[in-house]
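Asks: File final30.cif follows (mmCIF, C-alpha atoms and all ligand atoms):
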data_upload
#
loop_
_atom_site.label_atom_id
_atom_site.label_comp_id
_atom_site.auth_asym_id
_atom_site.auth_seq_id
_atom_site.Cartn_x
_atom_site.Cartn_y
_atom_site.Cartn_z
CA MET A 173 -3.40 10.58 -0.88
CA LYS A 174 -5.64 10.93 2.14
CA ILE A 175 -5.94 7.84 4.31
CA LYS A 176 -8.57 7.81 7.05
CA ILE A 177 -8.10 5.04 9.59
CA LEU A 178 -11.55 3.64 10.40
CA GLY A 179 -10.25 0.59 12.25
CA ALA A 180 -6.78 -0.81 12.92
CA SER A 181 -7.17 -3.58 15.49
CA GLY A 182 -6.92 -7.35 15.43
CA ALA A 183 -10.12 -7.71 17.49
CA GLU A 184 -13.15 -5.75 18.65
CA PHE A 185 -13.38 -3.87 21.96
CA PRO A 186 -14.62 -0.35 22.75
CA GLY A 187 -12.23 1.97 20.91
CA HIS A 188 -10.68 -0.96 18.99
CA ASN A 189 -12.19 -1.83 15.63
CA PRO A 190 -11.20 -4.29 12.87
CA PRO A 191 -9.22 -3.00 9.89
CA ALA A 192 -10.63 -0.55 7.36
CA TYR A 193 -8.88 2.35 5.63
CA LEU A 194 -10.71 4.97 3.56
CA ILE A 195 -8.61 6.40 0.75
CA ASN A 196 -9.54 9.76 -0.82
CA GLY A 197 -13.08 9.30 0.48
CA PHE A 198 -14.16 6.80 -2.20
CA LEU A 199 -11.98 3.69 -1.91
CA LEU A 200 -12.27 1.44 1.13
CA VAL A 201 -9.33 -0.89 1.74
CA ASP A 202 -10.70 -3.80 3.78
CA ALA A 203 -14.11 -3.51 5.39
CA GLY A 204 -13.79 -4.46 9.05
CA THR A 205 -15.36 -1.21 10.29
CA LEU A 206 -17.68 1.24 8.57
CA GLY A 207 -21.19 1.99 9.81
CA ALA A 208 -20.05 2.57 13.39
CA VAL A 209 -17.72 5.41 12.39
CA LEU A 210 -18.92 6.93 9.08
CA GLU A 211 -21.97 9.16 8.66
CA GLU A 212 -24.45 8.36 5.92
CA ASP A 213 -23.01 10.85 3.39
CA GLU A 214 -19.53 9.43 3.91
CA GLN A 215 -20.89 5.92 3.33
CA TRP A 216 -22.53 6.99 0.04
CA ALA A 217 -19.21 8.42 -1.13
CA ILE A 218 -17.63 4.95 -1.16
CA ARG A 219 -17.60 3.53 -4.69
CA TYR A 220 -15.01 0.77 -4.42
CA ILE A 221 -13.89 -1.73 -1.80
CA ILE A 222 -10.70 -3.75 -2.20
CA LEU A 223 -10.31 -6.76 0.08
CA SER A 224 -7.08 -8.34 1.28
CA HIS A 225 -8.81 -11.60 2.22
CA ALA A 226 -12.17 -12.98 3.31
CA HIS A 227 -11.66 -13.32 7.07
CA LEU A 228 -14.63 -11.86 8.91
CA ASP A 229 -12.67 -9.04 10.55
CA HIS A 230 -11.93 -7.66 7.04
CA ILE A 231 -15.37 -8.04 5.41
CA ARG A 232 -17.97 -7.70 8.13
CA ALA A 233 -19.08 -4.13 7.33
CA ILE A 234 -20.10 -5.01 3.76
CA PRO A 235 -23.55 -6.51 4.48
CA PHE A 236 -24.63 -3.50 6.54
CA LEU A 237 -23.40 -1.02 3.95
CA ALA A 238 -25.39 -2.83 1.25
CA ASP A 239 -28.46 -2.79 3.48
CA ASN A 240 -28.05 0.97 4.11
CA ILE A 241 -27.99 1.61 0.35
CA ILE A 242 -31.12 -0.50 -0.25
CA ILE A 243 -33.06 1.17 2.57
CA LYS A 244 -32.52 4.62 1.02
CA ASN A 245 -33.18 3.26 -2.50
CA LYS A 246 -30.08 5.06 -3.62
CA ARG A 247 -29.04 4.79 -7.24
CA HIS A 248 -25.71 3.72 -5.88
CA HIS A 249 -23.66 0.59 -6.16
CA ILE A 250 -20.30 -0.50 -4.86
CA THR A 251 -17.71 -2.49 -6.73
CA ILE A 252 -15.88 -4.98 -4.53
CA MET A 253 -12.54 -6.05 -5.93
CA SER A 254 -10.15 -8.79 -4.90
CA ILE A 255 -8.52 -11.96 -6.18
CA GLY A 256 -10.88 -14.72 -7.34
CA ASP A 257 -10.55 -16.91 -4.22
CA VAL A 258 -11.57 -14.06 -1.93
CA LEU A 259 -14.61 -13.09 -4.01
CA ARG A 260 -15.75 -16.72 -4.17
CA GLN A 261 -15.52 -17.07 -0.37
CA LEU A 262 -17.41 -13.80 0.11
CA LYS A 263 -20.22 -14.91 -2.18
CA GLU A 264 -20.39 -18.49 -0.91
CA HIS A 265 -20.25 -17.85 2.82
CA LEU A 266 -21.57 -14.32 3.44
CA LEU A 267 -23.65 -12.96 0.56
CA ASN A 268 -25.39 -16.28 0.02
CA GLY A 269 -29.04 -15.52 0.69
CA ASN A 270 -28.89 -17.27 4.09
CA ILE A 271 -26.54 -15.35 6.37
CA TRP A 272 -27.60 -12.15 4.56
CA PRO A 273 -29.46 -11.33 1.34
CA ASP A 274 -27.40 -11.78 -1.81
CA PHE A 275 -26.87 -8.10 -2.60
CA THR A 276 -24.83 -9.08 -5.65
CA THR A 277 -28.19 -9.81 -7.33
CA ILE A 278 -30.55 -7.40 -5.49
CA GLY A 279 -31.23 -3.73 -6.08
CA ARG A 280 -33.95 -1.62 -7.71
CA TYR A 281 -31.41 -0.03 -10.07
CA GLY A 282 -29.26 -3.13 -10.57
CA PRO A 283 -27.20 -5.04 -7.99
CA VAL A 284 -26.03 -2.94 -5.06
CA LEU A 285 -22.78 -4.91 -4.82
CA ARG A 286 -20.78 -5.85 -7.89
CA LEU A 287 -17.83 -8.21 -7.66
CA GLN A 288 -14.81 -7.65 -9.87
CA GLU A 289 -11.89 -10.02 -9.89
CA ILE A 290 -8.41 -8.58 -10.07
CA LYS A 291 -5.29 -10.59 -10.75
CA PRO A 292 -2.19 -10.67 -8.54
CA GLU A 293 0.53 -8.29 -9.70
CA THR A 294 -1.69 -6.70 -12.33
CA TRP A 295 -2.32 -2.96 -12.12
CA ILE A 296 -5.81 -1.53 -12.26
CA ARG A 297 -6.63 2.16 -12.35
CA ILE A 298 -9.45 3.90 -10.48
CA ASP A 299 -9.53 7.66 -10.98
CA SER A 300 -6.05 8.86 -10.00
CA LEU A 301 -5.12 5.65 -8.16
CA LEU A 302 -3.12 2.72 -9.48
CA ILE A 303 -3.73 -0.46 -7.49
CA GLN A 304 -2.00 -3.82 -7.55
CA PRO A 305 -2.68 -6.87 -5.35
CA VAL A 306 0.34 -8.94 -4.32
CA LEU A 307 -0.08 -12.40 -2.76
CA VAL A 308 1.06 -12.71 0.87
CA ASN A 309 1.36 -15.56 3.35
CA HIS A 310 -1.75 -15.96 5.52
CA SER A 311 -3.87 -18.95 6.59
CA VAL A 312 -6.29 -18.35 3.69
CA PRO A 313 -5.73 -16.86 0.20
CA ALA A 314 -4.68 -13.27 0.88
CA THR A 315 -3.03 -10.28 -0.73
CA GLY A 316 -1.37 -7.08 0.25
CA TYR A 317 -1.79 -4.01 -1.96
CA ILE A 318 0.41 -1.44 -3.60
CA ILE A 319 -1.50 1.81 -4.16
CA LYS A 320 0.01 4.71 -6.08
CA GLU A 321 -1.52 8.11 -6.64
CA LEU A 322 -0.96 9.86 -9.96
CA LYS A 323 -0.93 13.54 -10.76
CA GLY A 324 -1.02 13.69 -14.52
CA ARG A 325 1.45 10.95 -15.44
CA ARG A 326 3.63 11.44 -12.38
CA ILE A 327 3.41 9.18 -9.33
CA ILE A 328 3.13 11.46 -6.30
CA SER A 329 2.69 8.92 -3.48
CA THR A 330 2.90 5.21 -2.82
CA LEU A 331 1.24 3.22 -0.06
CA ILE A 332 2.02 -0.42 0.69
CA TYR A 333 -0.55 -2.37 2.73
CA SER A 334 0.39 -5.83 4.00
CA GLY A 335 -3.10 -7.11 4.83
CA ASP A 336 -2.77 -10.06 7.22
CA THR A 337 0.47 -11.92 6.65
CA GLY A 338 3.17 -13.97 8.26
CA PRO A 339 6.72 -13.78 6.91
CA THR A 340 6.52 -13.23 3.14
CA GLU A 341 8.79 -12.23 0.25
CA ARG A 342 7.23 -10.85 -2.90
CA LEU A 343 5.48 -7.81 -1.42
CA TRP A 344 8.75 -6.57 0.12
CA SER A 345 10.61 -6.91 -3.17
CA LEU A 346 8.09 -4.43 -4.63
CA ALA A 347 8.04 -2.09 -1.61
CA ASP A 348 11.21 -0.17 -2.29
CA GLY A 349 10.81 3.59 -2.26
CA ALA A 350 7.25 3.63 -0.91
CA ASP A 351 6.16 6.61 1.17
CA VAL A 352 4.04 4.73 3.68
CA LEU A 353 3.81 1.13 4.79
CA ILE A 354 0.80 -0.07 6.74
CA VAL A 355 1.85 -3.45 8.10
CA GLU A 356 0.28 -5.85 10.52
CA VAL A 357 1.72 -6.91 13.88
CA SER A 358 -0.86 -9.07 15.64
CA PHE A 359 0.96 -10.68 18.55
CA PRO A 360 3.80 -9.97 21.02
CA ASP A 361 7.10 -11.81 20.57
CA ARG A 362 6.32 -14.49 23.12
CA LEU A 363 3.42 -15.66 20.91
CA SER A 364 5.71 -15.99 17.91
CA ARG A 365 4.80 -19.62 17.29
CA LEU A 366 1.07 -18.82 17.27
CA ALA A 367 1.76 -15.87 14.95
CA GLN A 368 3.60 -18.07 12.47
CA GLU A 369 1.03 -20.87 12.64
CA THR A 370 -1.80 -18.42 11.90
CA GLY A 371 0.02 -16.27 9.34
CA HIS A 372 0.71 -13.14 11.38
CA LEU A 373 3.68 -11.08 12.60
CA THR A 374 5.21 -10.11 15.95
CA PRO A 375 7.56 -7.13 16.43
CA ARG A 376 10.65 -9.36 16.05
CA LEU A 377 9.23 -11.05 12.95
CA LEU A 378 8.45 -7.59 11.54
CA LYS A 379 12.07 -6.57 12.01
CA GLY A 380 13.11 -9.54 9.87
CA GLU A 381 10.55 -8.59 7.21
CA LEU A 382 11.71 -4.96 7.05
CA LYS A 383 15.25 -6.17 6.31
CA LYS A 384 13.89 -7.46 3.01
CA ILE A 385 13.09 -3.89 1.87
CA GLN A 386 16.07 -2.03 0.42
CA THR A 387 14.96 1.50 1.28
CA LEU A 388 12.46 1.64 4.14
CA PRO A 389 9.35 3.83 3.77
CA ARG A 390 9.42 7.09 5.75
CA LYS A 391 6.37 6.02 7.70
CA ILE A 392 5.86 2.49 8.97
CA LEU A 393 2.42 2.29 10.55
CA ILE A 394 1.44 -0.77 12.52
CA THR A 395 -2.06 -2.21 12.32
CA HIS A 396 -4.02 -5.26 13.55
CA PRO A 397 -2.52 -5.66 17.10
CA LYS A 398 -4.55 -7.78 19.51
CA PRO A 399 -5.83 -5.18 22.03
CA GLN A 400 -5.27 -7.71 24.84
CA TYR A 401 -1.50 -7.37 24.26
CA LEU A 402 -1.40 -3.76 23.11
CA GLY A 403 0.90 -2.45 25.87
CA LEU A 404 3.43 -5.24 25.39
CA ILE A 405 3.36 -4.98 21.58
CA LYS A 406 3.89 -1.21 21.88
CA ARG A 407 6.96 -1.67 24.11
CA GLU A 408 8.41 -4.34 21.82
CA LEU A 409 7.88 -2.14 18.75
CA LYS A 410 9.59 0.80 20.48
CA ALA A 411 12.54 -1.44 21.41
CA LEU A 412 13.11 -2.16 17.70
CA GLY A 413 14.35 1.45 17.43
CA ILE A 414 13.19 1.85 13.81
CA LYS A 415 12.76 5.44 12.63
CA GLY A 416 9.26 6.43 11.52
CA LEU A 417 7.64 3.31 13.00
CA ARG A 418 4.56 3.68 15.20
CA LEU A 419 1.15 2.19 15.91
CA LEU A 420 -1.79 3.50 13.88
CA LYS A 421 -4.50 5.38 15.77
CA GLU A 422 -8.11 4.73 14.87
CA GLY A 423 -9.83 7.89 13.63
CA GLU A 424 -6.63 9.57 12.48
CA GLU A 425 -6.14 10.91 8.96
CA ILE A 426 -2.82 10.54 7.21
CA GLU A 427 -1.84 12.68 4.27
CA VAL A 428 0.78 11.08 2.04
ZN ZN B 1 -6.92 -12.88 8.53
ZN ZN B 2 -7.41 -9.92 10.33
#
Is it possible to give me this structure as structure tokens?
Replies:
Amino acid sequence: MKIKILGASGAEFPGHNPPAYLINGFLLVDAGTLGAVLEEDEQWAIRYIILSHAHLDHIRAIPFLADNIIIKNKRHHITIMSIGDVLRQLKEHLLNGNIWPDFTTIGRYGPVLRLQEIKPETWIRIDSLLIQPVLVNHSVPATGYIIKELKGRRIISTLIYSGDTGPTERLWSLADGADVLIVEVSFPDRLSRLAQETGHLTPRLLKGELKKIQTLPRKILITHPKPQYLGLIKRELKALGIKGLRLLKEGEEIEV
């Protein structure tokens, strides 16, 4: 599995972009960043987007991508998948014909964007990837994802993505034996109360979460830090002394 990190920040500043991860060139996991970092051909290669939740920092690239497709009159469409609540919020508040055209109904060759509901803890298959959303604990309906890559009938790699979440349970009970965990840490420890009120993690809260996984993944990659506290978060993460744990770098490619 090839994971390209398009954005991995909890805010926007130069060099810090909201979360988006491109898997094997065709599956976008969250859509916080796209047009600013992907060339046109790379944008056309995206066929599916899976969303963890409908907060703006995870969906904001979708309207521009749809517009780019329309402008080129490409016979291309993108299937956006998530749980029902997330798709409803996306349609009602963003693709509603007011904020932006409703690209779920527009397109010369059929709608450019197609919404497909997926159910929590139910596997779907796209090409060689098996994907399962798992509900997590955020301030709005939200999921993490388990993504497995198959070669023939054998699973060759497993990625766990937390999305945005405060302390949670179910995802960790399914995370055993994963190769890579991409997990959010938004705030430093001294903002622990704010983190818990808004459904996010700090380094110390993350440590408690990782204890819920029996066998830790080899790589634990941290996403979504607030850039304003990046130095402090980095020091606090290092002090945890957990092997294989580091901050994600935007632009990097990870082979699992
Ligand atoms: Zn959020
Ligand atoms: Zn977020």
Asks: Considering only C-alpha atoms, can you say which of A:Leu382, A:Leu200, A:Ser334, A:Pro339 comes closest to A:Gln368?
Replies: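 Among A:Leu382, A:Leu200, A:Ser334, A:Pro339, it is A:Pro339 that comes nearest to A:Gln368.
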Asks: Taking all atoms listed in the file and a cut-off of 10 Å, can you tell me which residues surround ligand ZN 1 (chain B), written as a PyMOL selection string?
Replies: chain A and resi 182+224-230+310-314+335-337+370-372+396
Asks: Grab the atom CA of A:Asn189 to atom CA of A:Asp257 distance for me, in Å with one decimal place.
Replies: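 Interatomic distance, atom CA of A:Asn189 to atom CA of A:Asp257: 25.0 Å.
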Asks: Measuring atom to atom with all atoms listed in the file, identify which of A:Ile298, A:Ala203, A:Leu259, A:Leu402 is nearest to ligand ZN 2 (chain B).
Replies: A:Ala203
Asks: Env of A:Arg260: 12 Å cut, atoms = all atoms listed in the file, seq-sep filter 2 positions within chain, self excluded. Answer as a ChimeraX atom specification.
Replies: /A:225-226,252-258,262-268,276,287-289,313
Asks: Taking all atoms listed in the file into account, which of A:Leu343, A:Ile332, A:Leu409, A:Ile231 comes nearest A:Glu293?
Replies: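 Among the listed residues, the smallest separation from A:Glu293 belongs to A:Leu343.
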Asks: Smallest atom-to-atom distance to ligand ZN 2 (chain B): which of A:Ile414, A:Ala183, A:Leu194, A:Ala367, using all atoms listed in the file?
Replies: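 Of all the options, A:Ala183 lies closest to ligand ZN 2 (chain B).
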Asks: Do you know which residues are at most 12 Å from A:Pro283 counting all atoms listed in the file, after dropping those on the same chain fewer than 2 positions away, and could you put them as a ChimeraX atom specification?
Replies: /A:238-239,241-242,245-252,273-281,285-287
Asks: Tell me which of A:Arg232, A:Lys174, A:Lys379, A:Arg362 sits closest to ligand ZN 2 (chain B), counting only C-alpha atoms and all ligand atoms.
Replies: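 Among the listed residues, the smallest separation from ligand ZN 2 (chain B) belongs to A:Arg232.
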Asks: Considering all atoms listed in the file, can you say which of A:Arg376, A:Arg407, A:Arg390, A:Lys384 comes closest to A:Thr330?
Replies: A:Arg390
Asks: Atom CA of A:Tyr220 to atom CA of A:Asp202: how many Å, to one decimal?
Replies: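 Computed distance, atom CA of A:Tyr220 to atom CA of A:Asp202, equals 10.3 Å.
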Asks: Between atom CA of A:Ile328 and atom CA of A:Gln304, what is the distance in Å, rounded to a tenth?
Replies: 16.2 Å
Asks: Find the residues near A:Ala411: any atom within 10 Å, counting only C-alpha atoms, skip ones fewer than 5 places away on the same chain, and give them as a count of residues only.
Replies: 4
Asks: Quick one: axis-aligned box around all listed atoms of stretch 178-182 of chain A, 5 Å on every side, centre and edge lengths in Å to one decimal, written as lines of an AutoDock Vina configuration file.
Replies:
center_x = -9.2
center_y = -1.9
center_z = 12.9
size_x = 14.8
size_y = 21.0
size_z = 15.1
Asks: Find the residues around stretch 212-214 of chain A up to 10 Å (only C-alpha atoms counted), leave out those fewer than 5 positions away in its own chain, and share them as a list in words.
Replies: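 Answer for this query is Leu194, Gly197, Phe198, Leu206, Gly207, Leu237, Asn240 and Ile241 of chain A.
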